[in-house]
Amino acid sequence: LPTSGNSIRRRFLEFYESKGHKILPSSSLVHDDDTDKSVLFTIAGMLPFKPVFLGKVQRQVPRATTSQRCIRTNDIKNVGKTSRHHTFFEMLGNFSFGDYFKKEAIEWAWELITIEYRLPIENLWISVYEKDEETYAIWHDEIGVSANHIKKMGEEDNFWMSGKTGPCGPCSEIYYDFHPEKGYSNVDLNDDTRFLEFYNLVFMQFDRKDGGSLEELKEKHIDTGMGLERMARILQKVPNNYETDLIFPIVEKVAELAEVSYVDADDSTKTKLKVIGDHMRTIVHLMSDGVKPSNKLRGYVVKMLIRRSILTGKLLGINGGKYLQSIAETVIAISSKIDPDLKSRTPSILEDLKQEELRYWKTLEKGENELQLKLENAKKEAKTNNTNPLLSGKDAFYLSASRGYPVELTIKKAHERGVSVDMISYDIEKDKQRRQSQEAHQNICSPLCVIIENIQYSVSLAYDTLNLKAVINFRDL
Ligand code: ATP
Ligand code: MG
Ligand code: MG
Ligand code: MG
């Protein structure tokens, strides 16, 4: 099919190849660069080229195009809730290293989406940086986009920088409008019931000096990113990224294991199915790139994602020890085009997953046994005092923080036995612990602070959603 995920990817790369770009393979998801500790994972197509953009490394080719596998743990909160965010996704990109600039980048992007992908012009909107007159003029005067469909936005939305100083520049983004009948007054491009951002064109134009002044770069660069899953969603005319052929077989596999039908499921069930589908893609691809579940850095992220998938599955009523493996098999089956090495790594990925899954089931079993004792006590106490049975927040927090037994399950199990959980005191306990860990964090003075912050970020997000204990040991870093 011309709109399958695989063909959208191929057509993007071949289009830019026809414009003189060299097709390069996706780099690893693991960003392990001693000179750049700002992130743990490849978060964008430009990351492998960052040293070239920063002038630290000579360019190999003047123009390149890639489909880069990316990880964004900071989007974990959005997963399954918005229709467009994943922790793992593919970013299609075309890059110019001191070669072509705005005019070609814009002309080709427009040709690609309107002629190659045939998106109707009336559904397309453009954002430009408010001070970037040049870009506005190219869109408006040369391409002929109506002023009604161009939005000027501020620095926060449309200016890219990788740090306080160094290369930076304006960007221009392309949005798809699912409801053009709503017209063009009072339009908010961030309204995701109507718009979908899918292509970002970054113009690396300036060097920001100490003190904030901007100097024109001698060598100007182009860095772009288009979300493959988002383009697939548009072209396949499905309501969200998860229903595209790139992800839906995984979601359906989860639904089959949970013995529910995706189509008939309520929103909360659908979210859970999507969360597991998303996380399993991330887990498999990270493991394929050599990350094993552990208590440190990237391995910790994998471990948390595995736990979250198991728990989410448990909330859907999936039990048993080999549940993740069978989903992983589906991920692998549809990912051969993305990662040619995946096949040879399959046995070790499945084995590691099985071990981790068994380990966590044991943890949950122990937690469950402890919980049942506590519930028993709560009931006895209530009988003696002639009150309603209540599990204290302290107990619920102890189970989650020290025993890896999440509060969601505590609530569910307690409910099944007719016991309520004191969530007010639970929240107080949780807050106390959060404050303590923040203080501990502030007391750490280390050159690895950035990394710590980054992992803290991922961990705190996982923590927020799961109430799992953050087992990062700072001394191990
Ligand atoms: P959004 O505003 O939707 O969060 P973004 O502005 O953070 O996206 P960019 O950093 O501009 O995204 O990345 C370039 C492109 O990569 C986006 O236009 C989008 O198509 C895709 N993309 C970014 N984040 C994600 C994600 N979490 N899941 C899927 N695709 C993504
Ligand atoms: Mg974002
Ligand atoms: Mg955005
Ligand atoms: Mg963007």
# chains A, B, ... in the order shown; residues from 1 in each chain; ligands from 1
call {"tool": "residues_near_ligand", "arguments": {"ligand": "ligand 3", "cutoff": "12 Å", "atoms": "only C-alpha atoms and all ligand atoms", "output": "list in words"}}
result
Asp75, Arg84, His85, Ser127, Met153, Glu156, Asp157, Asn158, Phe159, Trp160, Cys171, Ser172, Glu173, Ile174, Tyr175, Leu189, Asn190, Asp191, Asp192, Phe195, Leu196, Glu197, Phe198, Tyr199, Asn200, Leu201, Gly225, Met226 and Gly227 of chain A
call {"tool": "write_last_selection", "arguments": {"atoms": "C-alpha atoms", "output": "compact mmCIF listing (two decimals), in the first residue's frame"}}
result
# COMPACT_ATOMS: atom_id res chain seq x y z
CA ASP A 75 6.53 12.31 26.81
CA ARG A 84 0.19 11.70 18.99
CA HIS A 85 2.88 11.02 21.62
CA SER A 127 3.91 28.37 11.96
CA MET A 153 4.65 32.46 17.01
CA GLU A 156 9.09 29.52 23.03
CA ASP A 157 7.38 27.75 20.13
CA ASN A 158 9.51 28.63 17.15
CA PHE A 159 13.11 29.17 18.13
CA TRP A 160 15.53 26.31 18.51
CA CYS A 171 12.03 27.08 13.07
CA SER A 172 8.91 26.69 11.00
CA GLU A 173 6.43 23.91 11.64
CA ILE A 174 3.79 22.30 9.47
CA TYR A 175 0.43 21.30 10.93
CA LEU A 189 -2.45 25.45 16.56
CA ASN A 190 -1.91 23.75 19.91
CA ASP A 191 -5.54 22.59 19.96
CA ASP A 192 -5.01 18.91 19.31
CA PHE A 195 -4.48 20.23 14.59
CA LEU A 196 -1.55 17.89 14.41
CA GLU A 197 2.03 19.15 14.23
CA PHE A 198 3.92 16.78 11.99
CA TYR A 199 7.00 18.44 10.40
CA ASN A 200 9.50 20.77 11.99
CA LEU A 201 12.03 22.70 9.86
CA GLY A 225 12.01 16.20 11.74
CA MET A 226 8.78 14.57 10.65
CA GLY A 227 7.06 12.01 12.88
call {"tool": "residues_around", "arguments": {"residues": "Ala328 of chain A", "least_positions_apart": "3", "cutoff": "10 Å", "atoms": "only C-alpha atoms", "output": "ChimeraX atom specification"}}
result
/A:250,253,277,280-281,283-285,323-325,331-333,346,349-350,353
call {"tool": "atom_distance", "arguments": {"atom1": "atom CA of Met231 of chain A", "atom2": "atom CA of Ile115 of chain A"}}
result
14.3 Å
call {"tool": "atom_distance", "arguments": {"atom1": "atom CA of Ala382 of chain A", "atom2": "atom CA of Arg417 of chain A"}}
result
13.1 Å
call {"tool": "closest_residue", "arguments": {"among": "A:Trp139, A:Phe88, A:Phe41, A:Phe15", "to": "Leu246 of chain A", "atoms": "only C-alpha atoms"}}
result
A:Phe88
call {"tool": "select_by_dssp", "arguments": {"residues": "segment 37-274 of chain A", "states": "helix (DSSP H, G or I)", "output": "PyMOL selection string"}}
result
chain A and resi 47-53+73-78+102-116+121-123+133-143+147-149+155-158+180-182+228-236+241-243+248-258+267-274
call {"tool": "closest_residue", "arguments": {"among": "A:Ile43, A:Ile318, A:Ile8, A:Val187", "to": "Ile234 of chain A", "atoms": "only C-alpha atoms"}}
result
A:Ile8
call {"tool": "atom_distance", "arguments": {"atom1": "atom CA of Pro48 of chain A", "atom2": "atom CA of Ser27 of chain A"}}
result
6.8 Å
call {"tool": "residues_around", "arguments": {"residues": "Pro293 of chain A", "least_positions_apart": "4", "cutoff": "9 Å", "atoms": "only C-alpha atoms", "output": "PyMOL selection string"}}
result
chain A and resi 287+298-304+306+352-353+356
call {"tool": "write_last_selection", "arguments": {"atoms": "N, CA and C atoms", "output": "mmCIF file, in the first residue's frame"}}
result
data_model
loop_
_atom_site.group_PDB
_atom_site.id
_atom_site.type_symbol
_atom_site.label_atom_id
_atom_site.label_comp_id
_atom_site.auth_asym_id
_atom_site.auth_seq_id
_atom_site.Cartn_x
_atom_site.Cartn_y
_atom_site.Cartn_z
ATOM 1 N N MET A 287 16.323 -2.742 24.036
ATOM 2 C CA MET A 287 17.041 -3.999 24.287
ATOM 3 C C MET A 287 17.812 -4.413 23.038
ATOM 4 N N ARG A 298 20.019 3.999 31.728
ATOM 5 C CA ARG A 298 19.102 3.522 30.675
ATOM 6 C C ARG A 298 18.438 2.207 31.056
ATOM 7 N N GLY A 299 19.227 1.368 31.706
ATOM 8 C CA GLY A 299 18.691 0.079 32.134
ATOM 9 C C GLY A 299 17.536 0.257 33.106
ATOM 10 N N TYR A 300 17.630 1.309 33.886
ATOM 11 C CA TYR A 300 16.556 1.579 34.848
ATOM 12 C C TYR A 300 15.281 1.998 34.129
ATOM 13 N N VAL A 301 15.446 2.770 33.077
ATOM 14 C CA VAL A 301 14.282 3.187 32.294
ATOM 15 C C VAL A 301 13.595 1.948 31.696
ATOM 16 N N VAL A 302 14.398 1.029 31.149
ATOM 17 C CA VAL A 302 13.821 -0.202 30.593
ATOM 18 C C VAL A 302 13.093 -0.991 31.684
ATOM 19 N N LYS A 303 13.744 -1.093 32.823
ATOM 20 C CA LYS A 303 13.132 -1.841 33.915
ATOM 21 C C LYS A 303 11.793 -1.217 34.329
ATOM 22 N N MET A 304 11.780 0.115 34.435
ATOM 23 C CA MET A 304 10.532 0.794 34.811
ATOM 24 C C MET A 304 9.442 0.588 33.763
ATOM 25 N N ILE A 306 9.172 -1.930 31.745
ATOM 26 C CA ILE A 306 8.722 -3.322 31.844
ATOM 27 C C ILE A 306 7.718 -3.451 32.992
ATOM 28 N N ASP A 352 15.848 -12.208 28.244
ATOM 29 C CA ASP A 352 15.982 -11.155 29.266
ATOM 30 C C ASP A 352 14.616 -10.673 29.756
ATOM 31 N N LEU A 353 13.695 -10.563 28.810
ATOM 32 C CA LEU A 353 12.347 -10.126 29.179
ATOM 33 C C LEU A 353 11.696 -11.124 30.123
ATOM 34 N N GLU A 356 13.177 -10.879 33.621
ATOM 35 C CA GLU A 356 12.749 -9.664 34.313
ATOM 36 C C GLU A 356 11.281 -9.773 34.722
#
call {"tool": "select_by_dssp", "arguments": {"residues": "segment 53-204 of chain A", "states": "strand (DSSP E or B)", "output": "number ranges by chain"}}
result
A: 63-71, 88-97, 124-129, 150-153, 159-161, 166-177, 195-204
call {"tool": "write_last_selection", "arguments": {"atoms": "C-alpha atoms", "output": "PDB file, in the first residue's frame"}}
result
ATOM      1  CA  ARG A  63      23.195  16.563   2.605  1.00  0.00           C
ATOM      2  CA  ALA A  64      21.776  13.558   4.400  1.00  0.00           C
ATOM      3  CA  THR A  65      18.406  11.971   5.064  1.00  0.00           C
ATOM      4  CA  THR A  66      17.505   9.455   7.764  1.00  0.00           C
ATOM      5  CA  SER A  67      14.712   7.687   9.512  1.00  0.00           C
ATOM      6  CA  GLN A  68      15.974   7.924  13.067  1.00  0.00           C
ATOM      7  CA  ARG A  69      14.579   5.765  15.856  1.00  0.00           C
ATOM      8  CA  CYS A  70      13.984   8.085  18.821  1.00  0.00           C
ATOM      9  CA  ILE A  71      13.163   7.864  22.515  1.00  0.00           C
ATOM     10  CA  PHE A  88       9.498   5.429  20.958  1.00  0.00           C
ATOM     11  CA  PHE A  89       8.938   6.844  17.504  1.00  0.00           C
ATOM     12  CA  GLU A  90      10.665   7.320  14.189  1.00  0.00           C
ATOM     13  CA  MET A  91      11.701  10.751  13.052  1.00  0.00           C
ATOM     14  CA  LEU A  92      12.197  11.236   9.327  1.00  0.00           C
ATOM     15  CA  GLY A  93      14.665  13.991   8.587  1.00  0.00           C
ATOM     16  CA  ASN A  94      16.553  15.839   5.887  1.00  0.00           C
ATOM     17  CA  PHE A  95      19.727  17.678   6.814  1.00  0.00           C
ATOM     18  CA  SER A  96      21.964  20.271   5.231  1.00  0.00           C
ATOM     19  CA  PHE A  97      25.446  20.757   6.625  1.00  0.00           C
ATOM     20  CA  LEU A 124      -2.141  22.599   5.868  1.00  0.00           C
ATOM     21  CA  TRP A 125      -1.041  25.310   8.298  1.00  0.00           C
ATOM     22  CA  ILE A 126       2.359  26.833   8.870  1.00  0.00           C
ATOM     23  CA  SER A 127       3.913  28.367  11.959  1.00  0.00           C
ATOM     24  CA  VAL A 128       6.869  30.754  11.652  1.00  0.00           C
ATOM     25  CA  TYR A 129       8.995  32.611  14.164  1.00  0.00           C
ATOM     26  CA  ILE A 150       0.368  31.096   8.486  1.00  0.00           C
ATOM     27  CA  LYS A 151       0.741  31.769  12.203  1.00  0.00           C
ATOM     28  CA  LYS A 152       3.516  33.863  13.688  1.00  0.00           C
ATOM     29  CA  MET A 153       4.653  32.456  17.006  1.00  0.00           C
ATOM     30  CA  PHE A 159      13.110  29.170  18.127  1.00  0.00           C
ATOM     31  CA  TRP A 160      15.533  26.308  18.514  1.00  0.00           C
ATOM     32  CA  MET A 161      18.639  26.271  20.683  1.00  0.00           C
ATOM     33  CA  GLY A 166      26.114  28.257  20.377  1.00  0.00           C
ATOM     34  CA  PRO A 167      24.243  27.484  17.165  1.00  0.00           C
ATOM     35  CA  CYS A 168      20.546  28.272  17.209  1.00  0.00           C
ATOM     36  CA  GLY A 169      17.847  29.591  14.952  1.00  0.00           C
ATOM     37  CA  PRO A 170      14.209  29.981  14.089  1.00  0.00           C
ATOM     38  CA  CYS A 171      12.031  27.077  13.069  1.00  0.00           C
ATOM     39  CA  SER A 172       8.911  26.692  11.003  1.00  0.00           C
ATOM     40  CA  GLU A 173       6.434  23.911  11.638  1.00  0.00           C
ATOM     41  CA  ILE A 174       3.789  22.299   9.468  1.00  0.00           C
ATOM     42  CA  TYR A 175       0.431  21.299  10.930  1.00  0.00           C
ATOM     43  CA  TYR A 176      -2.427  19.229   9.594  1.00  0.00           C
ATOM     44  CA  ASP A 177      -5.935  20.590  10.127  1.00  0.00           C
ATOM     45  CA  PHE A 195      -4.482  20.232  14.587  1.00  0.00           C
ATOM     46  CA  LEU A 196      -1.551  17.889  14.414  1.00  0.00           C
ATOM     47  CA  GLU A 197       2.027  19.154  14.233  1.00  0.00           C
ATOM     48  CA  PHE A 198       3.925  16.781  11.986  1.00  0.00           C
ATOM     49  CA  TYR A 199       7.000  18.439  10.397  1.00  0.00           C
ATOM     50  CA  ASN A 200       9.504  20.771  11.988  1.00  0.00           C
ATOM     51  CA  LEU A 201      12.031  22.697   9.863  1.00  0.00           C
ATOM     52  CA  VAL A 202      14.863  24.174  11.917  1.00  0.00           C
ATOM     53  CA  PHE A 203      17.090  26.828  10.397  1.00  0.00           C
ATOM     54  CA  MET A 204      20.414  26.947  12.191  1.00  0.00           C
TER      55      MET A 204
END
call {"tool": "closest_residue", "arguments": {"among": "A:Lys164, A:Lys182, A:Ser213, A:Gly80", "to": "Asn123 of chain A", "atoms": "only C-alpha atoms"}}
result
A:Lys182
call {"tool": "residues_around", "arguments": {"residues": "Thr244 of chain A", "least_positions_apart": "2", "cutoff": "9 Å", "atoms": "only C-alpha atoms", "output": "JSON, numbers by chain"}}
result
{"A": [4, 5, 229, 230, 232, 233, 236, 237, 238, 239, 240, 241, 242, 246, 247, 248, 249]}
